[in-house]
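**Q** One file: entry-v8.txt (compact mmCIF, C-alpha atoms and all ligand atoms).
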# COMPACT_ATOMS: atom_id res chain seq x y z
CA MET T 2 135.18 56.79 193.29
CA LYS T 3 133.37 58.96 190.83
CA SER T 4 129.68 58.48 191.53
CA ILE T 5 128.09 57.46 194.84
CA LEU T 6 124.49 56.61 195.66
CA ILE T 7 123.51 56.97 199.34
CA THR T 8 120.16 55.52 200.40
CA GLY T 9 118.94 57.30 203.53
CA GLY T 10 121.24 60.07 202.33
CA CYS T 11 119.21 62.79 204.07
CA GLY T 12 119.72 61.22 207.49
CA PHE T 13 122.44 62.04 209.99
CA ILE T 14 125.08 59.61 208.72
CA GLY T 15 124.01 59.63 205.07
CA SER T 16 124.10 63.42 204.75
CA ASN T 17 127.48 63.69 206.49
CA LEU T 18 128.90 61.01 204.18
CA ALA T 19 127.38 62.82 201.19
CA VAL T 20 129.15 66.04 202.18
CA ALA T 21 132.45 64.19 202.70
CA PHE T 22 132.26 62.51 199.28
CA ARG T 23 131.37 65.83 197.63
CA HIS T 24 134.37 67.36 199.34
CA ALA T 25 136.49 64.55 197.88
CA GLY T 26 135.20 65.40 194.39
CA ALA T 27 132.67 62.59 193.83
CA ALA T 28 129.24 63.02 192.30
CA VAL T 29 126.69 62.16 195.01
CA THR T 30 123.04 61.15 194.75
CA VAL T 31 121.05 60.95 197.96
CA PHE T 32 117.91 58.81 197.87
CA ASP T 33 115.51 59.29 200.77
CA ASN T 34 111.78 59.26 201.53
CA LEU T 35 112.28 62.10 204.06
CA SER T 36 110.40 60.11 206.70
CA ARG T 37 112.74 61.15 209.50
CA ARG T 38 111.63 64.42 211.06
CA GLY T 39 114.14 67.09 210.03
CA SER T 40 115.66 65.12 207.14
CA GLU T 41 114.41 67.80 204.74
CA LEU T 42 116.80 70.23 206.45
CA LEU T 43 119.73 67.85 206.04
CA MET T 44 118.76 67.43 202.38
CA LEU T 45 119.20 71.18 201.87
CA ARG T 46 122.76 70.90 203.19
CA VAL T 47 123.53 68.14 200.66
CA LEU T 48 122.00 70.16 197.81
CA ASP T 49 124.01 73.16 198.91
CA ARG T 50 127.20 71.09 198.47
CA GLY T 51 126.21 70.10 194.94
CA GLY T 52 124.61 66.73 195.70
CA ARG T 53 121.59 65.43 193.81
CA PHE T 54 118.40 64.46 195.67
CA VAL T 55 116.00 61.76 194.53
CA ARG T 56 112.88 61.24 196.59
CA GLY T 57 112.06 57.57 196.87
CA ASP T 58 111.37 54.70 199.21
CA ILE T 59 113.62 51.65 199.49
CA ARG T 60 110.52 49.52 200.20
CA ALA T 61 109.42 50.21 196.61
CA PRO T 62 111.77 48.50 194.11
CA GLU T 63 110.30 50.63 191.32
CA ASP T 64 111.59 53.77 193.05
CA LEU T 65 115.11 52.34 192.95
CA ASP T 66 114.66 51.14 189.36
CA ARG T 67 113.94 54.64 188.09
CA LEU T 68 117.30 55.92 189.37
CA GLU T 69 119.18 57.31 186.40
CA GLY T 70 122.93 57.26 185.93
CA ASP T 71 125.89 54.98 186.60
CA PHE T 72 127.11 54.43 190.15
CA ASP T 73 130.44 53.12 191.48
CA LEU T 74 129.14 52.47 195.00
CA LEU T 75 125.89 52.16 196.96
CA ILE T 76 126.09 53.15 200.62
CA GLU T 77 122.98 51.81 202.41
CA CYS T 78 122.24 54.19 205.29
CA SER T 79 118.47 54.18 205.54
CA ALA T 80 116.74 52.68 208.54
CA GLU T 81 114.15 52.98 211.23
CA PRO T 82 116.78 52.94 213.94
CA SER T 83 114.81 52.75 217.19
CA VAL T 84 115.80 49.90 219.44
CA LEU T 85 112.50 50.26 221.32
CA VAL T 86 110.25 49.10 218.47
CA GLY T 87 108.44 45.96 219.56
CA THR T 88 109.47 46.32 223.20
CA GLN T 89 106.30 48.22 224.09
CA GLY T 90 103.84 46.07 222.21
CA ALA T 91 103.72 48.17 219.04
CA ASP T 92 103.44 46.58 215.58
CA ALA T 93 106.83 45.61 214.15
CA ARG T 94 105.73 45.41 210.52
CA PHE T 95 106.90 48.92 209.68
CA MET T 96 110.40 48.23 211.01
CA LEU T 97 110.68 44.84 209.30
CA ASN T 98 109.60 46.28 205.96
CA ASN T 99 111.74 49.34 206.24
CA ASN T 100 114.97 47.81 207.50
CA LEU T 101 114.90 44.27 206.19
CA VAL T 102 112.78 44.28 203.02
CA GLY T 103 114.09 47.75 202.20
CA SER T 104 117.76 46.82 202.42
CA LEU T 105 117.14 43.60 200.46
CA ASN T 106 115.62 45.73 197.69
CA CYS T 107 118.79 47.83 197.74
CA PHE T 108 121.02 44.74 197.49
CA GLU T 109 118.91 43.33 194.66
CA TRP T 110 119.14 46.65 192.80
CA ALA T 111 122.93 46.62 193.31
CA ARG T 112 123.22 43.03 192.08
CA ALA T 113 121.26 43.81 188.91
CA ARG T 114 123.40 46.88 188.16
CA ARG T 115 126.69 45.39 189.40
CA VAL T 116 127.18 48.22 191.92
CA PRO T 117 129.36 47.46 195.00
CA VAL T 118 127.67 47.89 198.38
CA LEU T 119 128.80 49.36 201.69
CA PHE T 120 126.23 48.61 204.40
CA LEU T 121 125.94 50.51 207.68
CA SER T 122 125.11 47.99 210.38
CA THR T 123 125.00 48.29 214.13
CA SER T 124 126.47 46.99 217.37
CA ARG T 125 122.86 46.15 218.24
CA VAL T 126 123.42 42.81 216.50
CA TYR T 127 125.02 41.68 219.79
CA PRO T 128 122.56 40.17 222.31
CA TYR T 129 121.85 42.46 225.24
CA ASP T 130 121.12 39.86 227.93
CA ALA T 131 124.42 38.13 227.23
CA ILE T 132 126.30 41.43 227.56
CA ASN T 133 124.48 42.47 230.73
CA ALA T 134 125.14 39.02 232.25
CA ARG T 135 128.90 39.59 232.20
CA SER T 136 130.57 40.71 235.37
CA PHE T 137 131.10 44.46 235.95
CA ARG T 138 132.57 46.58 238.72
CA GLU T 139 131.10 49.95 239.65
CA THR T 140 133.33 53.01 240.02
CA ARG T 141 132.26 56.48 241.15
CA THR T 142 131.05 57.41 237.64
CA ARG T 143 130.72 54.24 235.55
CA PHE T 144 130.52 50.48 235.11
CA GLU T 145 133.63 48.68 233.91
CA PRO T 146 134.19 45.05 232.85
CA ALA T 147 135.44 42.86 235.68
CA GLU T 148 136.22 39.78 233.60
CA THR T 149 137.40 38.68 230.22
CA ALA T 150 135.53 36.14 228.09
CA PRO T 151 135.36 35.39 224.36
CA GLY T 152 134.70 38.70 222.62
CA PHE T 153 134.42 40.56 225.92
CA GLY T 154 136.83 42.48 228.13
CA PRO T 155 138.22 45.92 228.99
CA GLY T 156 139.24 46.34 225.33
CA GLY T 157 135.62 46.15 224.26
CA ILE T 158 133.19 43.78 222.59
CA GLY T 159 134.71 42.00 219.63
CA LEU T 160 133.57 40.17 216.53
CA ASP T 161 133.85 36.85 218.38
CA PHE T 162 131.26 37.77 221.05
CA PRO T 163 128.64 34.96 220.86
CA LEU T 164 125.58 36.03 218.89
CA ALA T 165 122.95 33.80 220.54
CA GLY T 166 120.16 35.66 222.35
CA ALA T 167 117.66 38.48 221.86
CA ARG T 168 119.04 41.68 220.37
CA SER T 169 115.89 43.82 219.67
CA LEU T 170 113.93 43.75 216.44
CA TYR T 171 116.11 46.58 215.17
CA GLY T 172 119.27 44.54 215.80
CA ALA T 173 117.64 41.47 214.29
CA THR T 174 116.78 43.26 211.04
CA LYS T 175 120.33 44.57 210.73
CA LEU T 176 121.90 41.16 211.43
CA ALA T 177 119.59 39.55 208.87
CA SER T 178 120.59 42.19 206.30
CA GLU T 179 124.27 41.55 207.05
CA ILE T 180 123.83 37.83 206.43
CA ILE T 181 121.92 38.30 203.18
CA LEU T 182 124.48 40.82 201.91
CA GLN T 183 127.26 38.32 202.65
CA GLU T 184 125.37 35.76 200.55
CA TYR T 185 125.00 38.26 197.71
CA ALA T 186 128.73 38.98 197.87
CA ARG T 187 129.54 35.28 197.71
CA GLN T 188 126.89 33.99 195.30
CA TYR T 189 127.07 36.89 192.86
CA ASP T 190 130.71 37.87 193.41
CA LEU T 191 129.44 41.31 194.38
CA PRO T 192 131.95 43.61 196.10
CA ALA T 193 130.47 44.37 199.52
CA LEU T 194 131.58 45.52 202.96
CA ILE T 195 129.75 45.85 206.26
CA ASP T 196 130.55 48.44 208.92
CA ARG T 197 129.18 47.29 212.27
CA CYS T 198 129.01 50.65 214.06
CA SER T 199 128.40 51.54 217.68
CA VAL T 200 127.01 54.94 218.67
CA LEU T 201 127.69 57.75 216.20
CA ALA T 202 127.49 61.37 217.27
CA GLY T 203 128.33 64.87 216.11
CA PRO T 204 126.90 67.85 214.26
CA TRP T 205 123.69 67.42 212.25
CA GLN T 206 122.40 64.58 214.42
CA LEU T 207 118.75 65.02 215.35
CA GLY T 208 119.18 62.92 218.48
CA LYS T 209 116.25 61.30 220.28
CA VAL T 210 116.09 59.31 223.48
CA ASP T 211 116.12 56.00 221.59
CA GLN T 212 118.67 57.01 218.96
CA GLY T 213 121.47 59.54 219.17
CA VAL T 214 121.63 59.60 222.94
CA PHE T 215 124.67 61.88 223.31
CA THR T 216 123.19 64.59 221.10
CA HIS T 217 119.84 64.15 222.86
CA TRP T 218 121.53 64.60 226.25
CA LEU T 219 123.33 67.73 225.10
CA ALA T 220 120.25 69.20 223.40
CA CYS T 221 118.18 68.70 226.58
CA HIS T 222 120.80 70.64 228.52
CA TYR T 223 120.89 73.30 225.84
CA PHE T 224 117.10 73.72 225.67
CA ASN T 225 116.54 73.09 229.41
CA LYS T 226 114.44 69.98 228.94
CA PRO T 227 114.05 67.40 231.75
CA LEU T 228 116.26 64.32 231.79
CA THR T 229 116.22 61.07 233.76
CA TYR T 230 118.84 58.41 234.36
CA ILE T 231 116.92 55.25 233.47
CA GLY T 232 117.91 51.76 234.55
CA PHE T 233 120.88 50.06 236.24
CA GLY T 234 120.06 51.73 239.55
CA GLY T 235 119.28 55.16 238.07
CA HIS T 236 122.74 56.69 238.65
CA GLY T 237 123.71 57.16 234.99
CA LYS T 238 126.69 54.84 235.16
CA GLN T 239 125.92 52.93 231.96
CA VAL T 240 128.68 53.36 229.36
CA ARG T 241 128.75 53.68 225.54
CA ASP T 242 131.53 54.42 223.15
CA LEU T 243 130.90 57.22 220.67
CA LEU T 244 132.40 57.97 217.29
CA HIS T 245 132.46 61.38 215.62
CA VAL T 246 130.61 61.15 212.32
CA GLU T 247 133.59 62.82 210.63
CA ASP T 248 135.85 60.02 211.89
CA LEU T 249 133.40 57.59 210.31
CA ALA T 250 133.51 59.57 207.05
CA ASP T 251 137.33 59.39 207.03
CA LEU T 252 137.08 55.61 207.26
CA VAL T 253 134.33 55.20 204.67
CA LEU T 254 136.29 57.26 202.13
CA LYS T 255 139.23 54.87 202.55
CA GLN T 256 136.99 51.81 202.33
CA ALA T 257 135.22 53.10 199.23
CA ALA T 258 138.54 53.44 197.42
CA ARG T 259 139.21 49.71 198.04
CA ILE T 260 135.69 48.30 197.82
CA GLY T 261 136.64 45.89 195.02
CA GLU T 262 138.74 43.87 197.51
CA PHE T 263 135.84 42.88 199.77
CA ARG T 264 133.17 40.17 199.58
CA GLY T 265 131.04 40.78 202.66
CA GLU T 266 133.69 41.24 205.37
CA ILE T 267 132.45 42.82 208.61
CA PHE T 268 134.41 45.63 210.23
CA GLN T 269 133.89 46.78 213.80
CA VAL T 270 133.69 50.59 213.95
CA GLY T 271 133.35 52.71 217.07
CA GLY T 272 134.87 55.26 219.38
CA SER T 273 136.23 52.18 221.21
CA VAL T 274 138.37 52.51 224.33
CA PHE T 275 139.54 55.84 222.91
CA ALA T 276 136.14 57.58 223.18
CA ASN T 277 133.47 56.41 225.60
CA LEU T 278 131.38 57.98 228.34
CA SER T 279 128.89 57.09 231.02
CA LEU T 280 125.71 59.16 231.16
CA CYS T 281 126.74 60.94 234.35
CA GLU T 282 130.14 61.77 232.81
CA THR T 283 128.23 63.11 229.79
CA THR T 284 126.18 65.29 232.12
CA GLU T 285 129.33 66.97 233.47
CA ILE T 286 130.54 67.83 229.95
CA CYS T 287 127.08 69.09 228.95
CA ARG T 288 126.91 71.27 232.08
CA ALA T 289 130.32 72.76 231.33
CA LEU T 290 129.42 73.49 227.71
CA THR T 291 125.95 74.93 228.24
CA GLY T 292 126.28 76.43 231.71
CA HIS T 293 122.94 74.78 232.57
CA ARG T 294 122.98 72.72 235.73
CA MET T 295 119.58 71.13 235.91
CA ASP T 296 118.54 68.29 238.20
CA ILE T 297 118.39 64.87 236.58
CA GLY T 298 115.71 62.40 237.64
CA MET T 299 116.42 58.82 238.72
CA ASP T 300 114.47 55.79 237.54
CA PRO T 301 116.22 52.62 238.72
CA ALA T 302 114.09 50.19 236.63
CA ASP T 303 115.87 48.77 233.58
CA ARG T 304 114.41 49.54 230.17
CA PRO T 305 113.98 46.69 227.66
CA ALA T 306 117.04 46.04 225.46
CA ASP T 307 119.20 48.51 227.39
CA LEU T 308 122.88 47.84 227.99
CA ARG T 309 124.99 48.32 231.08
CA TRP T 310 128.15 48.77 229.03
CA PHE T 311 129.04 48.70 225.38
CA VAL T 312 132.42 49.65 224.01
CA MET T 313 133.33 48.48 220.53
CA ASP T 314 136.55 46.56 220.08
CA ASN T 315 137.54 47.83 216.64
CA GLY T 316 139.68 44.73 216.15
CA GLY T 317 141.54 44.75 212.83
CA THR T 318 139.73 47.77 211.36
CA PRO T 319 142.32 50.45 212.26
CA ASP T 320 145.30 48.54 210.83
CA ARG T 321 143.43 47.35 207.77
CA PHE T 322 142.59 50.90 206.72
CA ASP T 323 145.32 52.89 208.44
CA TRP T 324 142.54 54.65 210.35
CA ARG T 325 141.67 55.35 213.96
CA PRO T 326 139.21 57.63 215.75
CA HIS T 327 140.81 61.03 216.36
CA ARG T 328 138.03 63.03 217.97
CA GLY T 329 137.53 62.34 221.66
CA PRO T 330 134.29 62.65 223.69
CA LYS T 331 134.80 66.29 224.71
CA GLN T 332 135.49 67.34 221.14
CA ILE T 333 132.47 65.42 219.84
CA LEU T 334 130.18 67.19 222.30
CA LYS T 335 131.85 70.56 221.75
CA ASP T 336 131.45 70.29 217.95
CA THR T 337 127.81 69.32 218.44
CA TYR T 338 127.28 72.22 220.85
CA ASP T 339 128.83 74.69 218.37
CA TRP T 340 126.57 73.35 215.62
CA LEU T 341 123.49 73.65 217.86
CA ARG T 342 124.33 77.26 218.68
CA GLN T 343 124.93 78.12 215.05
CA HIS T 344 121.73 76.45 213.80
CA GLU T 345 119.45 76.88 216.81
CA ALA T 346 116.76 78.69 214.85
CA SER T 347 116.44 75.89 212.26
CA PHE T 348 116.61 72.93 214.61
CA LYS T 349 114.92 74.13 217.80
CA LYS T 350 111.54 72.83 216.63
CA ILE T 351 113.05 69.36 216.07
CA PHE T 352 114.52 69.15 219.57
CA THR T 353 111.59 70.85 221.33
CA PRO T 354 108.49 69.63 219.45
N1 LIG L 401 123.28 56.88 214.43
C1 LIG L 401 123.90 55.88 215.02
O1 LIG L 401 124.38 56.00 216.17
C2 LIG L 401 124.08 54.56 214.30
C3 LIG L 401 124.84 53.59 214.90
C4 LIG L 401 125.01 52.37 214.26
C5 LIG L 401 124.43 52.16 213.01
N2 LIG L 401 123.67 53.12 212.45
C6 LIG L 401 123.06 52.84 211.14
O2 LIG L 401 123.38 53.88 210.26
C7 LIG L 401 122.29 54.11 209.36
C8 LIG L 401 121.92 55.57 209.38
O3 LIG L 401 121.57 55.98 210.69
P1 LIG L 401 121.27 57.50 211.01
O4 LIG L 401 121.66 57.74 212.41
O5 LIG L 401 121.81 58.37 209.93
O6 LIG L 401 119.68 57.49 210.93
P2 LIG L 401 118.70 58.67 210.46
O7 LIG L 401 117.36 58.34 210.98
O8 LIG L 401 119.28 59.99 210.79
O9 LIG L 401 118.71 58.52 208.88
C9 LIG L 401 117.97 57.54 208.19
C10 LIG L 401 117.46 58.16 206.92
O10 LIG L 401 116.79 57.13 206.18
C11 LIG L 401 115.60 57.67 205.65
N3 LIG L 401 114.69 56.55 205.46
C12 LIG L 401 114.09 55.81 206.41
N4 LIG L 401 113.31 54.88 205.84
C13 LIG L 401 113.45 55.03 204.50
C14 LIG L 401 112.87 54.38 203.39
N5 LIG L 401 112.00 53.37 203.53
N6 LIG L 401 113.22 54.78 202.13
C15 LIG L 401 114.09 55.80 201.97
N7 LIG L 401 114.64 56.47 202.99
C16 LIG L 401 114.32 56.09 204.25
C17 LIG L 401 115.12 58.69 206.68
O11 LIG L 401 114.25 59.66 206.14
C18 LIG L 401 116.45 59.29 207.14
O12 LIG L 401 116.79 60.40 206.35
C19 LIG L 401 121.15 53.20 209.80
O13 LIG L 401 121.15 52.08 208.96
C20 LIG L 401 121.54 52.77 211.20
O14 LIG L 401 121.09 51.48 211.44
C21 LIG L 401 123.48 54.32 213.07
In structure tokens, how does this file's structure come out?

**A**
Amino acid sequence: MKSILITGGCGFIGSNLAVAFRHAGAAVTVFDNLSRRGSELLMLRVLDRGGRFVRGDIRAPEDLDRLEGDFDLLIECSAEPSVLVGTQGADARFMLNNNLVGSLNCFEWARARRVPVLFLSTSRVYPYDAINARSFRETRTRFEPAETAPGFGPGGIGLDFPLAGARSLYGATKLASEIILQEYARQYDLPALIDRCSVLAGPWQLGKVDQGVFTHWLACHYFNKPLTYIGFGGHGKQVRDLLHVEDLADLVLKQAARIGEFRGEIFQVGGSVFANLSLCETTEICRALTGHRMDIGMDPADRPADLRWFVMDNGGTPDRFDWRPHRGPKQILKDTYDWLRQHEASFKKIFTP
């Protein structure tokens, strides 16, 4: 891979991928409208590593059209990633335009220029009511599956989990983009691959309550900000798997080298059974790292679209790419903590607005 274009390249994932591709010797262009608070700081990191920045908006096809140069791969990483949009009555038009229309503009640009596409999708394509309706047992610190069903069991949620049901507007836009990209791959013989990712975490994530929960939890401990266990009884026993962004980068580098083989295949990508935590387990690690032992509030009422348990079953992804997650939960949080300490002055205003 000689030349990579990353849309949303000044976001958490995009900027980390940009740095990884620069490290591997590729020319990297990051395209971003800098709408995410703090993305201008991540842009500086990419520039510092020799990346090129183009300011533009994926909702505007003309911004994409004026991109100069030849590209071997487009990695589509831009999104409004909040799962809460639409759940509190707010207008969904911004999200639909940004995530759905925006990614379709990217695919159309790639079709016209014959540039292969790697699309970052999300585990939020799976319907939340159907997951929460499965049977779970409660241990001292977490929920665990108490049954197996198609696509569901102690090994995680797999590609064959039934897709019927509400998934949030965010999840719906990503699923729609997946389907359209698969059509592009088939109808136009366009090399394309979809990574369906569960929670990503690690350094340079500007975590918020509705996106980047592990970094948010750690940053609240670090900056002594109040926290509450919300939903499922208010004990913090809900579980997510988490993947270190550098583990993701290792995978994407391997996939990029073989992109010509794929025509829209979906790969499950997450920390999986190897790396997952409940919120109250996360609290213990955050307390140990920061030395701050603050009280955490309890709000037993469930929040819309929230999940009792999600662990990604990576299925065939590890064998297909000779890849597996290497960085466990404690290392992910420790790396994030070290980054926070090192860059506190720059990022404090993002975490404590
Ligand atoms: N972070 C996660 O845990 C996670 C998990 C699964 C999937 N994903 C997917 O990965 C991708 C990247 O997520 P992230 O965590 O890096 O998010 P992020 O918010 O950190 O980055 C998104 C970037 O896109 C830019 N952007 C937003 N709208 C744009 C537009 N219209 N035009 C140009 N740029 C625009 C933002 O300024 C930001 O820099 C998203 O598609 C998301 O759905 C993320």

**Q** Between CA of Ile286 in chain T and CA of Phe311 in chain T, what is the distance, to one decimal in Å?

**A**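 About the pair CA of Ile286 in chain T and CA of Phe311 in chain T: they are 19.7 Å apart.
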
**Q** If you count all atoms listed in the file, which residues fall within 6 Å of Ser273 in chain T, apart from same-chain ones fewer than 3 positions away, as a PyMOL selection string?

**A** chain T and resi 242+276+312-314

**Q** In Å, with one decimal, what is the gap from CA of Asn315 in chain T to CA of Cys198 in chain T?

**A**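 Computing the Euclidean distance for CA of Asn315 in chain T and CA of Cys198 in chain T yields 9.3 Å.
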
**Q** Padding of 5 Å on every side, edges along x, y and z, all listed atoms of ligand LIG 401 (chain L) included: what centre and edge lengths in Å, to one decimal, does that box have, as JSON?

**A**
{"center_x": 118.5, "center_y": 55.9, "center_z": 209.1, "size_x": 23.0, "size_y": 18.9, "size_z": 24.2}

**Q** How far is it from CA of Ile14 in chain T to CA of Gly39 in chain T, in Å with one decimal?

**A**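 We find that CA of Ile14 in chain T and CA of Gly39 in chain T lie 13.3 Å from each other.
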
**Q** Can you tell me, as a ChimeraX atom specification, what residues are no more than 8 Å from Trp324 in chain T when counting all atoms listed in the file, ignoring any on the same chain fewer than 3 positions away?

**A** /T:251-252,318-321

**Q** Could you tell me, as an MDAnalysis selection string, which residues have any atom at most 12 Å from (113.6, 49.5, 187.3), counting only C-alpha atoms?

**A** chainID T and resid 61:69 106:107 109:111 113:114

**Q** Out of T:Gly172, T:Gly52, T:Gly57, T:Gly272, which residue has the shortest atom-to-atom distance to Ser36 in chain T when counting all atoms listed in the file?

**A**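 The answer is T:Gly57, which sits nearest to Ser36 in chain T.
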
**Q** Can you tell me, as a PyMOL selection string, what residues are no more than 9 Å from Tyr127 in chain T when counting only C-alpha atoms, ignoring any on the same chain fewer than 4 positions away?

**A** chain T and resi 123+131-132+158+162-168+172+176

**Q** Counting all atoms listed in the file, figure out which residue out of T:Asp190, T:Asp211, T:Glu266, T:Glu145 gets nearest to ligand LIG 401 (chain L).

**A**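 With all atoms listed in the file as the atom set, the closest residue is T:Asp211.
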
**Q** Counting all atoms listed in the file, which of T:Phe215, T:Phe137, T:Phe322, T:Phe22 gets nearest to ligand LIG 401 (chain L)?

**A**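 Once distances to ligand LIG 401 (chain L) are computed over all atoms listed in the file, the minimum belongs to T:Phe215.
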
**Q** Given only C-alpha atoms and all ligand atoms as the basis, pick out the residue of T:Ala258, T:Leu43, T:Leu105, T:Met299 nearest to ligand LIG 401 (chain L).

**A**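 Result for the nearest residue to ligand LIG 401 (chain L): T:Leu43.
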
**Q** Taking only C-alpha atoms into account, name the residue in T:Ser104, T:Gln212, T:Gln256, T:Ser199 that is nearest to Arg241 in chain T.

**A**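 Using only C-alpha atoms, Arg241 in chain T sits closest to T:Ser199.
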
**Q** Looking at only C-alpha atoms, which of T:Ile59, T:Ile267, T:Ala289, T:Leu278 is the one that sits closest to Gln239 in chain T?

**A**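 Looking only at the distances to Gln239 in chain T, the closest residue turns out to be T:Leu278.
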
**Q** List the residues sitting within 8 Å of (115.4, 49.9, 225.7) in the file's frame, using only C-alpha atoms, as an MDAnalysis selection string.

**A** chainID T and resid 84:85 88 211 303:307

**Q** Write out as a compact mmCIF listing (two decimals) with C-alpha atoms, keeping the file's coordinate frame the residues lying within 8 Å of Val31 in chain T, counting only C-alpha atoms and excluding same-chain residues fewer than 3 positions away.

**A**
# COMPACT_ATOMS: atom_id res chain seq x y z
CA LEU T 6 124.49 56.61 195.66
CA ILE T 7 123.51 56.97 199.34
CA THR T 8 120.16 55.52 200.40
CA GLY T 9 118.94 57.30 203.53
CA GLY T 10 121.24 60.07 202.33
CA CYS T 11 119.21 62.79 204.07
CA GLY T 15 124.01 59.63 205.07
CA SER T 16 124.10 63.42 204.75
CA ALA T 19 127.38 62.82 201.19
CA GLY T 52 124.61 66.73 195.70
CA ARG T 53 121.59 65.43 193.81
CA PHE T 54 118.40 64.46 195.67
CA VAL T 55 116.00 61.76 194.53

**Q** Name the residues in contact with Leu74 in chain T at a cut-off of 12 Å, using all atoms listed in the file, excluding same-chain residues fewer than 6 positions from it; report them as a ChimeraX atom specification.

**A** /T:2-8,22,27-30,107-108,110-112,114-120,191-194,253-254,256-261

**Q** Only C-alpha atoms, please: the residues just picked out, written as a PDB file, in the frame of the given file.

**A**
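Written file, part_30.pdb:
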ATOM      1  CA  MET T   2     135.180  56.790 193.290  1.00  0.00           C
ATOM      2  CA  LYS T   3     133.370  58.960 190.830  1.00  0.00           C
ATOM      3  CA  SER T   4     129.680  58.480 191.530  1.00  0.00           C
ATOM      4  CA  ILE T   5     128.090  57.460 194.840  1.00  0.00           C
ATOM      5  CA  LEU T   6     124.490  56.610 195.660  1.00  0.00           C
ATOM      6  CA  ILE T   7     123.510  56.970 199.340  1.00  0.00           C
ATOM      7  CA  THR T   8     120.160  55.520 200.400  1.00  0.00           C
ATOM      8  CA  PHE T  22     132.260  62.510 199.280  1.00  0.00           C
ATOM      9  CA  ALA T  27     132.670  62.590 193.830  1.00  0.00           C
ATOM     10  CA  ALA T  28     129.240  63.020 192.300  1.00  0.00           C
ATOM     11  CA  VAL T  29     126.690  62.160 195.010  1.00  0.00           C
ATOM     12  CA  THR T  30     123.040  61.150 194.750  1.00  0.00           C
ATOM     13  CA  CYS T 107     118.790  47.830 197.740  1.00  0.00           C
ATOM     14  CA  PHE T 108     121.020  44.740 197.490  1.00  0.00           C
ATOM     15  CA  TRP T 110     119.140  46.650 192.800  1.00  0.00           C
ATOM     16  CA  ALA T 111     122.930  46.620 193.310  1.00  0.00           C
ATOM     17  CA  ARG T 112     123.220  43.030 192.080  1.00  0.00           C
ATOM     18  CA  ARG T 114     123.400  46.880 188.160  1.00  0.00           C
ATOM     19  CA  ARG T 115     126.690  45.390 189.400  1.00  0.00           C
ATOM     20  CA  VAL T 116     127.180  48.220 191.920  1.00  0.00           C
ATOM     21  CA  PRO T 117     129.360  47.460 195.000  1.00  0.00           C
ATOM     22  CA  VAL T 118     127.670  47.890 198.380  1.00  0.00           C
ATOM     23  CA  LEU T 119     128.800  49.360 201.690  1.00  0.00           C
ATOM     24  CA  PHE T 120     126.230  48.610 204.400  1.00  0.00           C
ATOM     25  CA  LEU T 191     129.440  41.310 194.380  1.00  0.00           C
ATOM     26  CA  PRO T 192     131.950  43.610 196.100  1.00  0.00           C
ATOM     27  CA  ALA T 193     130.470  44.370 199.520  1.00  0.00           C
ATOM     28  CA  LEU T 194     131.580  45.520 202.960  1.00  0.00           C
ATOM     29  CA  VAL T 253     134.330  55.200 204.670  1.00  0.00           C
ATOM     30  CA  LEU T 254     136.290  57.260 202.130  1.00  0.00           C
ATOM     31  CA  GLN T 256     136.990  51.810 202.330  1.00  0.00           C
ATOM     32  CA  ALA T 257     135.220  53.100 199.230  1.00  0.00           C
ATOM     33  CA  ALA T 258     138.540  53.440 197.420  1.00  0.00           C
ATOM     34  CA  ARG T 259     139.210  49.710 198.040  1.00  0.00           C
ATOM     35  CA  ILE T 260     135.690  48.300 197.820  1.00  0.00           C
ATOM     36  CA  GLY T 261     136.640  45.890 195.020  1.00  0.00           C
TER      37      GLY T 261
END

**Q** Please report, as a tab-separated table, each residue of range 105-220 of chain T lying at most 8 Å from range 94-100 of chain T, together with the nearest pair of atoms and the separation in Å rounded to one decimal; use only C-alpha atoms, and order rows by chain and ascending residue number.

**A**
residue	atom	partner	partner_atom	distance
T:Leu170	CA	T:Met96	CA	7.9
T:Tyr171	CA	T:Met96	CA	7.3
T:Thr174	CA	T:Asn100	CA	6.0
T:Lys175	CA	T:Asn100	CA	7.0
